[in-house]
>>> print(open('input-v2.cif').read())   # mmCIF, C-alpha atoms and all ligand atoms
data_protein
loop_
_atom_site.label_atom_id
_atom_site.label_comp_id
_atom_site.auth_asym_id
_atom_site.auth_seq_id
_atom_site.Cartn_x
_atom_site.Cartn_y
_atom_site.Cartn_z
CA MET A 1 132.46 73.41 87.57
CA THR A 2 133.78 76.96 87.45
CA GLY A 3 132.36 79.64 85.28
CA THR A 4 130.62 82.96 85.47
CA ARG A 5 128.43 82.88 88.56
CA HIS A 6 125.08 84.62 88.75
CA GLN A 7 123.08 85.09 91.91
CA VAL A 8 119.29 85.25 91.61
CA GLY A 9 117.27 86.60 94.55
CA LEU A 10 113.60 85.92 95.23
CA LEU A 11 111.70 88.55 97.19
CA LEU A 12 108.65 86.72 98.48
CA GLY A 13 105.52 87.18 100.53
CA THR A 14 103.71 84.02 101.60
CA GLU A 15 104.06 81.74 98.60
CA GLU A 16 106.01 78.49 98.61
CA ASP A 17 104.88 76.76 95.42
CA TRP A 18 106.37 78.78 92.58
CA PRO A 19 109.63 79.61 94.40
CA ARG A 20 110.20 75.90 94.98
CA ALA A 21 109.39 75.22 91.32
CA PHE A 22 111.75 77.96 90.16
CA GLU A 23 114.57 76.79 92.43
CA THR A 24 114.11 73.19 91.31
CA ILE A 25 114.11 73.91 87.58
CA LEU A 26 117.11 76.22 87.86
CA GLY A 27 118.95 73.59 89.91
CA ARG A 28 118.14 70.76 87.50
CA LEU A 29 119.15 72.91 84.56
CA GLY A 30 122.71 73.20 85.88
CA PRO A 31 125.39 75.31 84.18
CA VAL A 32 124.45 76.82 80.83
CA ALA A 33 126.82 77.37 77.91
CA GLY A 34 126.78 80.94 76.63
CA THR A 35 128.53 82.52 73.69
CA GLY A 36 132.28 81.99 73.37
CA GLY A 37 132.10 78.75 75.32
CA VAL A 38 131.58 80.54 78.64
CA LYS A 39 129.81 78.45 81.29
CA HIS A 40 127.18 80.27 83.32
CA VAL A 41 126.41 78.99 86.78
CA PHE A 42 123.22 80.06 88.56
CA GLU A 43 122.48 80.20 92.24
CA CYS A 44 119.19 81.17 93.79
CA GLU A 45 118.41 82.48 97.23
CA ARG A 46 115.37 83.90 99.05
CA LEU A 47 115.89 87.41 100.33
CA SER A 48 115.37 88.36 103.93
CA ILE A 49 114.39 91.82 105.12
CA GLU A 50 116.92 93.72 107.19
CA PRO A 51 118.43 97.18 107.60
CA PHE A 52 120.63 98.20 104.71
CA ASN A 53 123.14 100.93 104.18
CA LEU A 54 122.41 102.77 100.96
CA ARG A 55 126.03 102.23 99.92
CA ASP A 56 125.98 98.45 100.56
CA GLN A 57 126.95 96.23 97.65
CA PRO A 58 124.17 93.67 97.01
CA ARG A 59 124.97 90.03 96.35
CA TYR A 60 122.36 89.68 93.63
CA ASP A 61 122.52 90.08 89.88
CA LEU A 62 118.77 89.65 89.33
CA VAL A 63 115.77 89.79 91.68
CA ILE A 64 112.22 88.61 91.09
CA ASP A 65 109.93 90.64 93.30
CA ARG A 66 106.55 89.41 94.54
CA LEU A 67 106.50 91.48 97.71
CA ALA A 68 107.22 95.16 97.19
CA TYR A 69 103.77 95.93 95.85
CA TRP A 70 102.65 96.17 99.47
CA TYR A 71 105.80 96.08 101.60
CA TYR A 72 107.66 99.36 101.33
CA GLN A 73 110.96 98.68 103.06
CA PRO A 74 112.00 96.07 100.46
CA ARG A 75 110.54 98.34 97.79
CA GLU A 76 113.03 101.01 98.76
CA TRP A 77 115.81 98.40 98.74
CA LEU A 78 114.79 97.49 95.17
CA LYS A 79 115.02 101.12 94.10
CA LYS A 80 118.43 101.41 95.71
CA VAL A 81 119.92 98.29 94.07
CA SER A 82 118.40 99.22 90.75
CA MET A 83 119.61 102.81 90.77
CA MET A 84 122.99 102.29 92.42
CA ASN A 85 124.06 98.76 91.57
CA GLY A 86 122.45 97.92 88.24
CA VAL A 87 120.67 94.86 89.64
CA TYR A 88 118.25 93.48 87.05
CA LEU A 89 114.71 93.46 88.42
CA LEU A 90 111.44 91.85 87.50
CA ASN A 91 109.97 94.46 87.45
CA ASN A 92 111.24 98.03 87.10
CA PRO A 93 110.68 99.55 90.59
CA PHE A 94 110.33 103.10 89.29
CA THR A 95 106.99 102.39 87.69
CA PHE A 96 105.21 101.23 90.83
CA GLN A 97 103.20 104.42 90.57
CA SER A 98 101.91 103.22 87.20
CA MET A 99 100.77 99.93 88.62
CA GLU A 100 97.56 101.57 89.63
CA LYS A 101 95.22 100.95 86.73
CA HIS A 102 94.75 104.61 86.05
CA THR A 103 98.16 105.39 84.55
CA ALA A 104 98.12 102.20 82.53
CA TYR A 105 94.68 103.18 81.16
CA CYS A 106 96.00 106.60 80.22
CA ALA A 107 99.03 105.12 78.48
CA MET A 108 97.06 102.64 76.41
CA MET A 109 94.37 105.19 75.52
CA ARG A 110 97.20 107.48 74.39
CA LEU A 111 98.42 104.67 72.13
CA GLY A 112 94.94 104.26 70.62
CA LEU A 113 93.85 101.01 72.23
CA LYS A 114 90.17 100.28 72.83
CA VAL A 115 90.12 100.94 76.56
CA PRO A 116 86.43 101.38 77.54
CA GLU A 117 85.21 104.91 78.40
CA THR A 118 86.42 105.71 81.90
CA VAL A 119 85.77 108.66 84.25
CA LEU A 120 87.59 109.35 87.51
CA VAL A 121 85.40 110.93 90.20
CA PRO A 122 86.57 112.69 93.39
CA TYR A 123 86.71 110.89 96.74
CA LYS A 124 83.36 110.31 98.41
CA ASN A 125 84.78 110.92 101.92
CA PRO A 126 87.25 113.62 102.88
CA VAL A 127 90.86 112.53 102.67
CA ASP A 128 92.80 112.44 105.90
CA ASN A 129 94.64 115.72 105.69
CA ALA A 130 94.21 118.80 107.86
CA ARG A 131 94.12 121.05 104.76
CA TYR A 132 91.34 119.12 103.02
CA ALA A 133 88.32 121.04 104.36
CA TYR A 134 89.72 124.40 103.32
CA THR A 135 90.89 123.24 99.87
CA ALA A 136 87.71 121.31 99.12
CA ALA A 137 85.48 124.22 100.17
CA LYS A 138 87.43 126.53 97.91
CA TYR A 139 88.15 124.34 94.88
CA ASN A 140 85.99 121.18 94.73
CA GLN A 141 83.34 121.59 92.07
CA PRO A 142 79.94 120.08 92.79
CA PHE A 143 79.26 117.37 90.21
CA ASP A 144 76.32 115.33 88.99
CA LEU A 145 77.15 111.64 89.48
CA ASP A 146 73.91 110.57 87.76
CA ALA A 147 74.72 112.58 84.66
CA ILE A 148 78.17 110.98 84.40
CA ALA A 149 76.69 107.51 84.75
CA GLU A 150 74.01 108.26 82.18
CA GLN A 151 76.58 109.46 79.72
CA ILE A 152 78.59 106.25 80.13
CA GLY A 153 75.36 104.23 80.08
CA TYR A 154 74.09 101.43 82.33
CA PRO A 155 75.27 98.88 83.22
CA LEU A 156 78.70 100.20 84.14
CA PHE A 157 81.54 99.28 86.46
CA MET A 158 82.67 101.24 89.48
CA LYS A 159 86.13 100.25 90.65
CA PRO A 160 89.15 101.72 92.41
CA PHE A 161 91.64 103.62 90.24
CA ASP A 162 94.43 101.49 91.71
CA GLY A 163 92.48 98.25 91.98
CA GLY A 164 93.62 94.69 92.32
CA GLY A 165 92.13 91.43 93.50
CA TRP A 166 88.57 92.65 92.83
CA ARG A 167 88.61 94.89 95.90
CA GLY A 168 85.78 97.42 95.69
CA VAL A 169 84.65 96.40 92.17
CA SER A 170 80.90 96.54 91.47
CA LYS A 171 78.65 96.26 88.49
CA ILE A 172 76.13 99.09 88.55
CA ARG A 173 72.74 98.64 86.89
CA ASN A 174 70.78 101.70 87.98
CA PRO A 175 71.00 105.02 89.89
CA ALA A 176 70.20 103.38 93.26
CA GLU A 177 73.17 101.00 92.88
CA LEU A 178 75.30 103.88 91.65
CA HIS A 179 74.74 105.93 94.80
CA ALA A 180 75.04 102.94 97.12
CA ALA A 181 78.40 101.99 95.57
CA TYR A 182 79.70 105.55 95.61
CA ASP A 183 78.64 106.01 99.25
CA ALA A 184 80.40 102.75 100.13
CA SER A 185 83.59 103.77 98.30
CA GLY A 186 84.54 106.03 101.24
CA GLU A 187 88.21 106.93 100.90
CA MET A 188 88.81 104.86 97.77
CA LEU A 189 89.26 106.83 94.58
CA MET A 190 86.91 105.43 91.96
CA HIS A 191 86.61 105.05 88.21
CA LEU A 192 83.28 104.66 86.48
CA GLN A 193 83.79 102.54 83.41
CA GLN A 194 81.68 101.48 80.48
CA CYS A 195 80.75 97.81 80.76
CA ILE A 196 81.79 95.50 77.93
CA ASP A 197 79.25 92.73 77.55
CA PHE A 198 82.01 90.37 76.46
CA ASP A 199 81.78 87.10 74.54
CA VAL A 200 85.14 85.87 75.84
CA PHE A 201 87.47 86.95 78.62
CA SER A 202 91.15 86.39 77.98
CA ARG A 203 93.91 86.70 80.53
CA SER A 204 97.41 86.62 79.22
CA LEU A 205 100.55 86.14 81.23
CA SER A 206 103.76 87.55 79.79
CA ILE A 207 107.27 86.74 80.95
CA GLY A 208 109.87 88.53 78.87
CA PRO A 209 109.06 87.80 75.22
CA GLU A 210 106.79 84.83 76.02
CA THR A 211 103.03 85.15 76.36
CA MET A 212 100.36 82.62 77.25
CA VAL A 213 96.82 83.70 76.39
CA MET A 214 94.36 81.84 78.59
CA ARG A 215 90.60 81.63 78.69
CA PHE A 216 89.45 83.14 81.96
CA GLN A 217 86.12 82.78 83.73
CA PRO A 218 85.94 85.57 86.29
CA ASP A 219 82.71 84.35 87.87
CA GLN A 220 84.20 80.94 88.81
CA PRO A 221 86.04 80.12 92.05
CA MET A 222 89.82 80.65 91.88
CA HIS A 223 90.78 77.07 90.97
CA GLN A 224 88.43 77.07 87.97
CA ARG A 225 89.06 80.51 86.53
CA TYR A 226 91.65 79.40 83.99
CA GLN A 227 90.06 77.05 81.54
CA VAL A 228 92.22 74.70 79.49
CA ASP A 229 91.20 75.74 76.00
CA HIS A 230 93.69 76.20 73.17
CA ASP A 231 91.70 77.76 70.34
CA PHE A 232 89.15 79.99 72.02
CA LEU A 233 90.11 83.13 70.10
CA SER A 234 90.28 83.78 66.39
CA PRO A 235 93.92 83.94 65.19
CA GLN A 236 93.51 87.70 64.79
CA ALA A 237 92.09 88.33 68.28
CA GLY A 238 94.70 85.98 69.75
CA ALA A 239 97.54 87.88 68.10
CA GLU A 240 96.01 91.17 69.25
CA ALA A 241 95.84 89.96 72.86
CA VAL A 242 99.52 88.95 72.68
CA THR A 243 100.54 92.28 71.18
CA ILE A 244 98.61 94.30 73.78
CA GLY A 245 100.18 92.41 76.68
CA ARG A 246 103.71 92.83 75.31
CA LEU A 247 103.10 96.45 74.38
CA VAL A 248 102.03 97.36 77.91
CA ASN A 249 105.13 95.62 79.25
CA ALA A 250 107.57 97.14 76.78
CA PHE A 251 106.06 100.56 77.46
CA PHE A 252 106.42 100.38 81.26
CA ARG A 253 109.48 98.04 81.32
CA TRP A 254 107.50 95.32 83.01
CA GLU A 255 108.78 91.85 82.21
CA PHE A 256 106.45 89.73 84.31
CA ASN A 257 102.85 90.89 84.11
CA SER A 258 99.32 89.77 83.32
CA CYS A 259 96.85 91.47 81.03
CA GLU A 260 93.08 91.10 80.90
CA THR A 261 91.19 91.77 77.69
CA LEU A 262 87.50 91.41 76.93
CA ILE A 263 86.55 90.28 73.45
CA LYS A 264 83.23 91.34 71.99
CA ASP A 265 82.32 90.75 68.32
CA GLY A 266 85.99 90.26 67.51
CA GLU A 267 87.04 93.61 69.06
CA VAL A 268 89.62 93.43 71.84
CA TYR A 269 89.14 95.71 74.86
CA PRO A 270 91.93 95.84 77.46
CA ILE A 271 90.61 96.44 81.00
CA ASP A 272 93.25 95.35 83.52
CA TYR A 273 96.92 95.17 82.67
CA ALA A 274 98.87 96.71 85.52
CA ASN A 275 99.42 93.51 87.50
CA ALA A 276 103.20 93.42 87.48
CA CYS A 277 104.59 90.32 89.20
CA PRO A 278 101.16 88.69 89.18
CA ASP A 279 99.78 85.64 90.91
CA VAL A 280 101.36 82.51 89.43
CA ALA A 281 100.17 80.05 92.07
CA LEU A 282 100.06 76.40 91.13
CA THR A 283 96.46 76.26 92.27
CA SER A 284 95.45 79.19 90.04
CA LEU A 285 97.45 78.38 86.91
CA HIS A 286 97.43 74.54 87.23
CA TYR A 287 97.84 73.29 83.60
CA TYR A 288 99.73 76.49 82.69
CA PHE A 289 101.99 76.44 85.76
CA PRO A 290 104.86 74.44 84.16
CA TRP A 291 104.87 76.81 81.20
CA ALA A 292 105.07 79.85 83.51
CA MET A 293 107.88 78.42 85.61
CA LYS A 294 109.86 77.40 82.57
CA ALA A 295 109.42 80.83 80.96
CA LEU A 296 110.54 82.53 84.17
CA VAL A 297 113.70 80.43 84.38
CA LYS A 298 114.44 80.86 80.68
CA TRP A 299 114.06 84.61 80.79
CA CYS A 300 116.22 85.02 83.91
CA VAL A 301 118.93 82.78 82.47
CA PHE A 302 118.86 84.67 79.17
CA VAL A 303 119.09 88.04 80.94
CA LEU A 304 122.07 86.97 83.04
CA ALA A 305 123.97 84.91 80.48
CA THR A 306 123.72 87.63 77.84
CA ALA A 307 124.36 90.49 80.28
CA ARG A 308 121.14 92.24 79.29
CA ARG A 309 121.03 95.68 80.85
CA PRO A 310 117.96 96.91 82.70
CA LYS A 311 116.25 99.96 81.20
CA LEU A 312 114.89 102.43 83.69
CA ASP A 313 113.76 105.21 81.39
CA LEU A 314 110.52 104.80 79.47
CA ASP A 315 111.39 106.58 76.23
CA THR A 316 107.68 107.03 75.53
CA ASP A 317 108.17 109.10 72.38
CA ARG A 318 108.89 106.00 70.30
CA PHE A 319 105.37 104.79 71.06
CA PHE A 320 103.70 108.19 70.84
CA GLU A 321 105.13 108.78 67.36
CA VAL A 322 103.33 105.66 66.16
CA ALA A 323 100.13 106.66 67.95
CA ASP A 324 100.23 110.10 66.30
CA ASP A 325 100.90 108.86 62.78
CA ALA A 326 97.66 109.68 60.97
CA GLY A 327 98.68 107.48 58.04
CA LEU A 328 98.52 104.32 60.12
CA SER A 329 95.34 102.32 60.76
CA TYR A 330 94.70 100.63 64.11
CA ASP A 331 96.01 97.34 62.71
CA ASP A 332 99.10 99.05 61.27
CA LYS A 333 99.82 100.58 64.66
CA LEU A 334 99.49 97.23 66.39
CA GLY A 335 102.02 95.84 63.90
CA VAL A 336 104.54 98.59 64.71
CA TYR A 337 103.89 98.29 68.46
CA ARG A 338 104.62 94.59 68.19
CA GLU A 339 107.93 95.35 66.47
CA LEU A 340 108.84 97.86 69.19
CA ALA A 341 107.94 95.35 71.90
CA ASP A 342 109.92 92.58 70.21
CA ALA A 343 112.89 94.92 69.91
CA TYR A 344 112.68 95.77 73.60
CA PHE A 345 112.49 92.12 74.59
CA GLU A 346 115.12 91.04 72.01
CA THR A 347 112.72 88.32 70.96
CA GLU A 348 114.84 86.95 68.15
CA ARG A 349 118.03 86.82 70.22
CA TYR A 350 116.08 85.20 73.04
CA GLU A 351 114.71 82.52 70.72
CA ASP A 352 118.18 81.79 69.33
CA PHE A 353 119.58 81.58 72.85
CA CYS A 354 116.83 79.17 73.93
CA ALA A 355 117.38 77.00 70.85
CA THR A 356 121.14 76.76 71.36
CA SER A 357 121.75 77.05 75.10
CA LEU A 358 118.47 75.83 76.62
CA SER A 359 117.45 73.10 74.20
CA HIS A 360 117.26 70.57 77.05
CA ILE A 361 114.93 72.55 79.35
CA ASP A 362 111.67 71.13 77.92
CA GLU A 363 112.72 67.62 78.83
CA ILE A 364 113.96 68.67 82.26
CA VAL A 365 110.64 70.29 83.11
CA LEU A 366 108.59 67.47 81.64
CA ASP A 367 110.56 64.93 83.60
CA TRP A 368 110.16 66.91 86.80
CA VAL A 369 106.41 67.51 86.45
CA ALA A 370 105.82 63.84 85.66
CA GLY A 371 107.75 62.71 88.73
CA PRO A 372 107.26 62.35 92.51
CA ASP A 373 108.99 65.60 93.49
CA PHE A 374 106.39 67.67 91.64
CA ASP A 375 103.57 65.56 93.01
CA ASP A 376 104.84 66.29 96.51
CA LEU A 377 104.83 70.02 95.72
CA LEU A 378 101.24 69.73 94.47
CA VAL A 379 100.11 67.86 97.59
CA GLN A 380 101.88 70.30 99.94
CA THR A 381 100.42 73.28 98.10
CA VAL A 382 96.86 71.96 98.33
CA ARG A 383 97.32 71.09 102.01
CA ALA A 384 98.56 74.59 102.74
CA GLY A 385 95.79 76.34 100.84
CA PHE A 386 92.59 74.34 101.32
CA PRO A 387 90.66 73.16 104.42
CA PRO A 388 91.31 69.49 105.38
CA HIS A 389 87.96 68.17 104.15
CA GLU A 390 88.77 69.42 100.63
CA HIS A 391 92.30 68.03 100.36
CA ASP A 392 91.47 64.77 98.57
CA GLN A 393 89.13 66.43 96.12
CA PHE A 394 91.58 69.15 95.14
CA ILE A 395 94.64 66.92 95.04
CA ALA A 396 92.75 64.76 92.54
CA HIS A 397 91.55 67.82 90.62
CA PHE A 398 95.02 69.32 90.17
CA ARG A 399 96.67 65.96 89.55
CA GLY A 400 94.24 65.45 86.68
CA LEU A 401 95.06 68.83 85.12
CA LEU A 402 98.81 68.35 85.46
CA ALA A 403 98.58 64.83 84.04
CA LEU A 404 96.83 66.37 81.06
CA TRP A 405 99.72 68.84 80.68
CA VAL A 406 102.25 65.99 80.86
CA ARG A 407 100.38 64.12 78.11
CA ASP A 408 100.15 67.17 75.85
CA GLU A 409 103.72 68.24 76.50
CA ASP A 410 105.08 64.75 75.94
CA ALA A 411 103.36 64.65 72.54
CA ARG A 412 104.70 68.12 71.70
CA VAL A 413 108.28 67.31 72.71
CA ARG A 414 108.21 64.01 70.77
CA SER A 415 106.93 65.67 67.61
CA ALA A 416 109.42 68.55 67.82
N1 LIG A 501 84.62 97.46 81.80
C1 LIG A 501 84.29 96.25 82.19
N2 LIG A 501 83.39 95.51 81.48
C2 LIG A 501 83.04 94.27 81.88
N3 LIG A 501 83.50 93.67 82.99
C3 LIG A 501 84.39 94.35 83.74
C4 LIG A 501 84.82 95.66 83.38
N4 LIG A 501 85.68 96.08 84.32
C5 LIG A 501 85.77 95.09 85.22
N5 LIG A 501 84.99 94.05 84.89
C6 LIG A 501 84.82 92.79 85.65
O1 LIG A 501 85.26 93.00 86.99
C7 LIG A 501 86.42 92.21 87.26
C8 LIG A 501 87.40 93.00 88.13
O2 LIG A 501 87.78 94.20 87.47
P1 LIG A 501 89.31 94.53 87.17
O3 LIG A 501 89.38 95.82 86.46
O4 LIG A 501 89.96 93.38 86.53
O5 LIG A 501 89.84 94.75 88.67
P2 LIG A 501 90.96 94.00 89.54
O6 LIG A 501 92.21 94.75 89.29
O7 LIG A 501 90.49 94.14 90.93
O8 LIG A 501 91.06 92.58 89.03
C9 LIG A 501 86.96 91.82 85.91
O9 LIG A 501 87.66 90.61 85.97
C10 LIG A 501 85.70 91.70 85.09
O10 LIG A 501 85.07 90.45 85.34
MG MG A 502 91.43 92.00 87.05
#
>>> encode(input="input-v2.cif", output="structure tokens")
Amino acid sequence: MTGTRHQVGLLLGTEEDWPRAFETILGRLGPVAGTGGVKHVFECERLSIEPFNLRDQPRYDLVIDRLAYWYYQPREWLKKVSMMNGVYLLNNPFTFQSMEKHTAYCAMMRLGLKVPETVLVPYKNPVDNARYAYTAAKYNQPFDLDAIAEQIGYPLFMKPFDGGGWRGVSKIRNPAELHAAYDASGEMLMHLQQCIDFDVFSRSLSIGPETMVMRFQPDQPMHQRYQVDHDFLSPQAGAEAVTIGRLVNAFFRWEFNSCETLIKDGEVYPIDYANACPDVALTSLHYYFPWAMKALVKWCVFVLATARRPKLDLDTDRFFEVADDAGLSYDDKLGVYRELADAYFETERYEDFCATSLSHIDEIVLDWVAGPDFDDLLVQTVRAGFPPHEHDQFIAHFRGLLALWVRDEDARVRSA
């Protein structure tokens, strides 16, 4: 079938599970009818890394990036194709600098969110620069680490300003632990942060205008961190978690990101929400994996079929005006932030598009997850990620969770 062709590129590190899922769903979906009877045809390809001329014309219309957060040559390619060729990226490559927690904390504090008290302290060890000794001797102020900790109050968290994957995170209960952790921080730049003694930990995953709020248990091993639990937050806290996740994303132009919030006595405290292009492994998300893959395909198809243009500028004033409006309460501000986020993500247009052009995707995904092809993906993924003596146990574990999803989804699709 002829039609408007769109090329999707996947920029990948080591993962095999979600790319295969994405490729399969997109392939099974086939051509999609857009407005005016235009057929949209989608092709998907994994990118390789090679020299590029800055004036080269890329083949891709949209790229999902799971690599450039640590691999800088493809990161520079992303910036080039974004700036020069208008390639649509998940996510905006000009906000990599904000993917350290620090900038995201500053932004959400500026917007009035309940980010816990946070102090940035200077490096423990000298940084590797010939000018450091002179500059530090002249300008570094001595400071009282104990006094800072006491002001925040024990227990507190010490963690890197640019953290991820729990590297260098410690809970500090007393001055001895404080000094031990600071001494061990070496050349990492650290935040001290007020500890929230939370009742519930929620981790939400947002893809475009879709958000899944999941109950998270940080002290469990990876495969048990996401708990299948549908009503673990009050409607109000649940809506707040959704709004915060989408607000962060609309603010930074991130379209594929996860957001961690701690809920204590009904108050929602965001603590970690600069995880653009986050882990979506089958073995982490399990029950929620089909949802994530479907949302990713839907959003990419919507973007391409409706010729949505990437936005590279942040236009922060729109958000700051709301933050600075003394006549608005916290809840009022959340309401306006939600409207701004929905406008950025074109939520209504997206929902219309899904209802008219993608009405068959639920059944396609359900059929795939219930069938042998998905089971093979599950088995291969477990075999690649777990030691041989654990294969049977984990294959059974994940099969059980995905069978539960199939049951729930089947009931939902039938009743729709
Ligand atoms: N302020 C805090 N209050 C309570 N727990 C926290 C706080 N900050 C971090 N934690 C705990 O430490 C974990 C790792 O911290 P986080 O900021 O999410 O770093 P990372 O980016 O490495 O995931 C969190 O999942 C949470 O369990
Ligand atoms: Mg985290």
>>> residues_near_ligand(input="input-v2.cif", ligand="ligand MG 502 (chain A)", cutoff="7 Å", atoms="only C-alpha atoms and all ligand atoms", output="VMD selection string")
chain A and resid 164 to 166 260 272
>>> residues_near_ligand(input="input-v2.cif", ligand="ligand LIG 501 (chain A)", cutoff="9 Å", atoms="all atoms listed in the file", output="PyMOL selection string")
chain A and resi 100-101+115-118+155-171+192-198+201+216-219+260+262+269-275
>>> write_last_selection(input="input-v2.cif", atoms="C-alpha atoms", output="mmCIF file, keeping the file's coordinate frame")
data_model
loop_
_atom_site.group_PDB
_atom_site.id
_atom_site.type_symbol
_atom_site.label_atom_id
_atom_site.label_comp_id
_atom_site.auth_asym_id
_atom_site.auth_seq_id
_atom_site.Cartn_x
_atom_site.Cartn_y
_atom_site.Cartn_z
ATOM 1 C CA GLU A 100 97.560 101.570 89.630
ATOM 2 C CA LYS A 101 95.220 100.950 86.730
ATOM 3 C CA VAL A 115 90.120 100.940 76.560
ATOM 4 C CA PRO A 116 86.430 101.380 77.540
ATOM 5 C CA GLU A 117 85.210 104.910 78.400
ATOM 6 C CA THR A 118 86.420 105.710 81.900
ATOM 7 C CA PRO A 155 75.270 98.880 83.220
ATOM 8 C CA LEU A 156 78.700 100.200 84.140
ATOM 9 C CA PHE A 157 81.540 99.280 86.460
ATOM 10 C CA MET A 158 82.670 101.240 89.480
ATOM 11 C CA LYS A 159 86.130 100.250 90.650
ATOM 12 C CA PRO A 160 89.150 101.720 92.410
ATOM 13 C CA PHE A 161 91.640 103.620 90.240
ATOM 14 C CA ASP A 162 94.430 101.490 91.710
ATOM 15 C CA GLY A 163 92.480 98.250 91.980
ATOM 16 C CA GLY A 164 93.620 94.690 92.320
ATOM 17 C CA GLY A 165 92.130 91.430 93.500
ATOM 18 C CA TRP A 166 88.570 92.650 92.830
ATOM 19 C CA ARG A 167 88.610 94.890 95.900
ATOM 20 C CA GLY A 168 85.780 97.420 95.690
ATOM 21 C CA VAL A 169 84.650 96.400 92.170
ATOM 22 C CA SER A 170 80.900 96.540 91.470
ATOM 23 C CA LYS A 171 78.650 96.260 88.490
ATOM 24 C CA LEU A 192 83.280 104.660 86.480
ATOM 25 C CA GLN A 193 83.790 102.540 83.410
ATOM 26 C CA GLN A 194 81.680 101.480 80.480
ATOM 27 C CA CYS A 195 80.750 97.810 80.760
ATOM 28 C CA ILE A 196 81.790 95.500 77.930
ATOM 29 C CA ASP A 197 79.250 92.730 77.550
ATOM 30 C CA PHE A 198 82.010 90.370 76.460
ATOM 31 C CA PHE A 201 87.470 86.950 78.620
ATOM 32 C CA PHE A 216 89.450 83.140 81.960
ATOM 33 C CA GLN A 217 86.120 82.780 83.730
ATOM 34 C CA PRO A 218 85.940 85.570 86.290
ATOM 35 C CA ASP A 219 82.710 84.350 87.870
ATOM 36 C CA GLU A 260 93.080 91.100 80.900
ATOM 37 C CA LEU A 262 87.500 91.410 76.930
ATOM 38 C CA TYR A 269 89.140 95.710 74.860
ATOM 39 C CA PRO A 270 91.930 95.840 77.460
ATOM 40 C CA ILE A 271 90.610 96.440 81.000
ATOM 41 C CA ASP A 272 93.250 95.350 83.520
ATOM 42 C CA TYR A 273 96.920 95.170 82.670
ATOM 43 C CA ALA A 274 98.870 96.710 85.520
ATOM 44 C CA ASN A 275 99.420 93.510 87.500
#
>>> atom_distance(input="input-v2.cif", atom1="CA of Asn92 in chain A", atom2="CA of Val248 in chain A")
13.0 Å
>>> residues_around(input="input-v2.cif", residues="range 55-58 of chain A", least_positions_apart="6", cutoff="10 Å", atoms="only C-alpha atoms", output="ChimeraX atom specification")
/A:77,80-81,84-87
>>> residues_near_point(input="input-v2.cif", point="(130.2, 85.0, 84.8)", cutoff="10 Å", atoms="only C-alpha atoms", output="VMD selection string")
chain A and resid 2 to 6 34 38 to 42 304 to 307
>>> axis_aligned_box(input="input-v2.cif", around="range 302-320 of chain A", padding_each_side="4 Å", output="JSON")
{"center_x": 114.0, "center_y": 96.9, "center_z": 77.0, "size_x": 28.7, "size_y": 32.4, "size_z": 21.4}
>>> closest_residue(input="input-v2.cif", among="A:Asp342, A:Glu177, A:Asp144, A:Ala33", to="Ala355 in chain A", atoms="only C-alpha atoms")
A:Ala33
>>> closest_residue(input="input-v2.cif", among="A:Ile207, A:Ala343, A:Met214, A:Leu47", to="Pro278 in chain A", atoms="all atoms listed in the file")
A:Ile207
>>> residues_around(input="input-v2.cif", residues="range 393-401 of chain A", least_positions_apart="4", cutoff="8 Å", atoms="only C-alpha atoms", output="list in words")
Thr283, His286, Tyr287, Asp375, Leu378, Val379, Val382 and Trp405 of chain A
>>> closest_residue(input="input-v2.cif", among="A:Pro387, A:Asp362, A:Met188, A:Thr135", to="Val297 in chain A", atoms="all atoms listed in the file")
A:Asp362
>>> residues_near_point(input="input-v2.cif", point="(111.0, 97.3, 68.5)", cutoff="12 Å", atoms="all atoms listed in the file", output="list in words")
Pro209, Thr243, Arg246, Leu247, Ala250, Phe251, Arg318, Phe319, Val322, Leu334, Gly335, Val336, Tyr337, Arg338, Glu339, Leu340, Ala341, Asp342, Ala343, Tyr344, Phe345, Glu346, Thr347 and Glu348 of chain A
>>> write_last_selection(input="input-v2.cif", atoms="C-alpha atoms", output="compact mmCIF listing (two decimals), keeping the file's coordinate frame")
# COMPACT_ATOMS: atom_id res chain seq x y z
CA PRO A 209 109.06 87.80 75.22
CA THR A 243 100.54 92.28 71.18
CA ARG A 246 103.71 92.83 75.31
CA LEU A 247 103.10 96.45 74.38
CA ALA A 250 107.57 97.14 76.78
CA PHE A 251 106.06 100.56 77.46
CA ARG A 318 108.89 106.00 70.30
CA PHE A 319 105.37 104.79 71.06
CA VAL A 322 103.33 105.66 66.16
CA LEU A 334 99.49 97.23 66.39
CA GLY A 335 102.02 95.84 63.90
CA VAL A 336 104.54 98.59 64.71
CA TYR A 337 103.89 98.29 68.46
CA ARG A 338 104.62 94.59 68.19
CA GLU A 339 107.93 95.35 66.47
CA LEU A 340 108.84 97.86 69.19
CA ALA A 341 107.94 95.35 71.90
CA ASP A 342 109.92 92.58 70.21
CA ALA A 343 112.89 94.92 69.91
CA TYR A 344 112.68 95.77 73.60
CA PHE A 345 112.49 92.12 74.59
CA GLU A 346 115.12 91.04 72.01
CA THR A 347 112.72 88.32 70.96
CA GLU A 348 114.84 86.95 68.15
>>> atom_distance(input="input-v2.cif", atom1="CA of Leu12 in chain A", atom2="CA of Leu205 in chain A")
19.1 Å
>>> closest_residue(input="input-v2.cif", among="A:Val268, A:Leu145, A:Ala137, A:Val369", to="Ser202 in chain A", atoms="all atoms listed in the file")
A:Val268
>>> residues_around(input="input-v2.cif", residues="Lys264 in chain A", least_positions_apart="2", cutoff="6 Å", atoms="only C-alpha atoms", output="list in words")
Phe198, Asp199, Gly266 and Glu267 of chain A
>>> write_last_selection(input="input-v2.cif", atoms="C-alpha atoms", output="compact mmCIF listing (two decimals), in the frame of the given file")
# COMPACT_ATOMS: atom_id res chain seq x y z
CA PHE A 198 82.01 90.37 76.46
CA ASP A 199 81.78 87.10 74.54
CA GLY A 266 85.99 90.26 67.51
CA GLU A 267 87.04 93.61 69.06
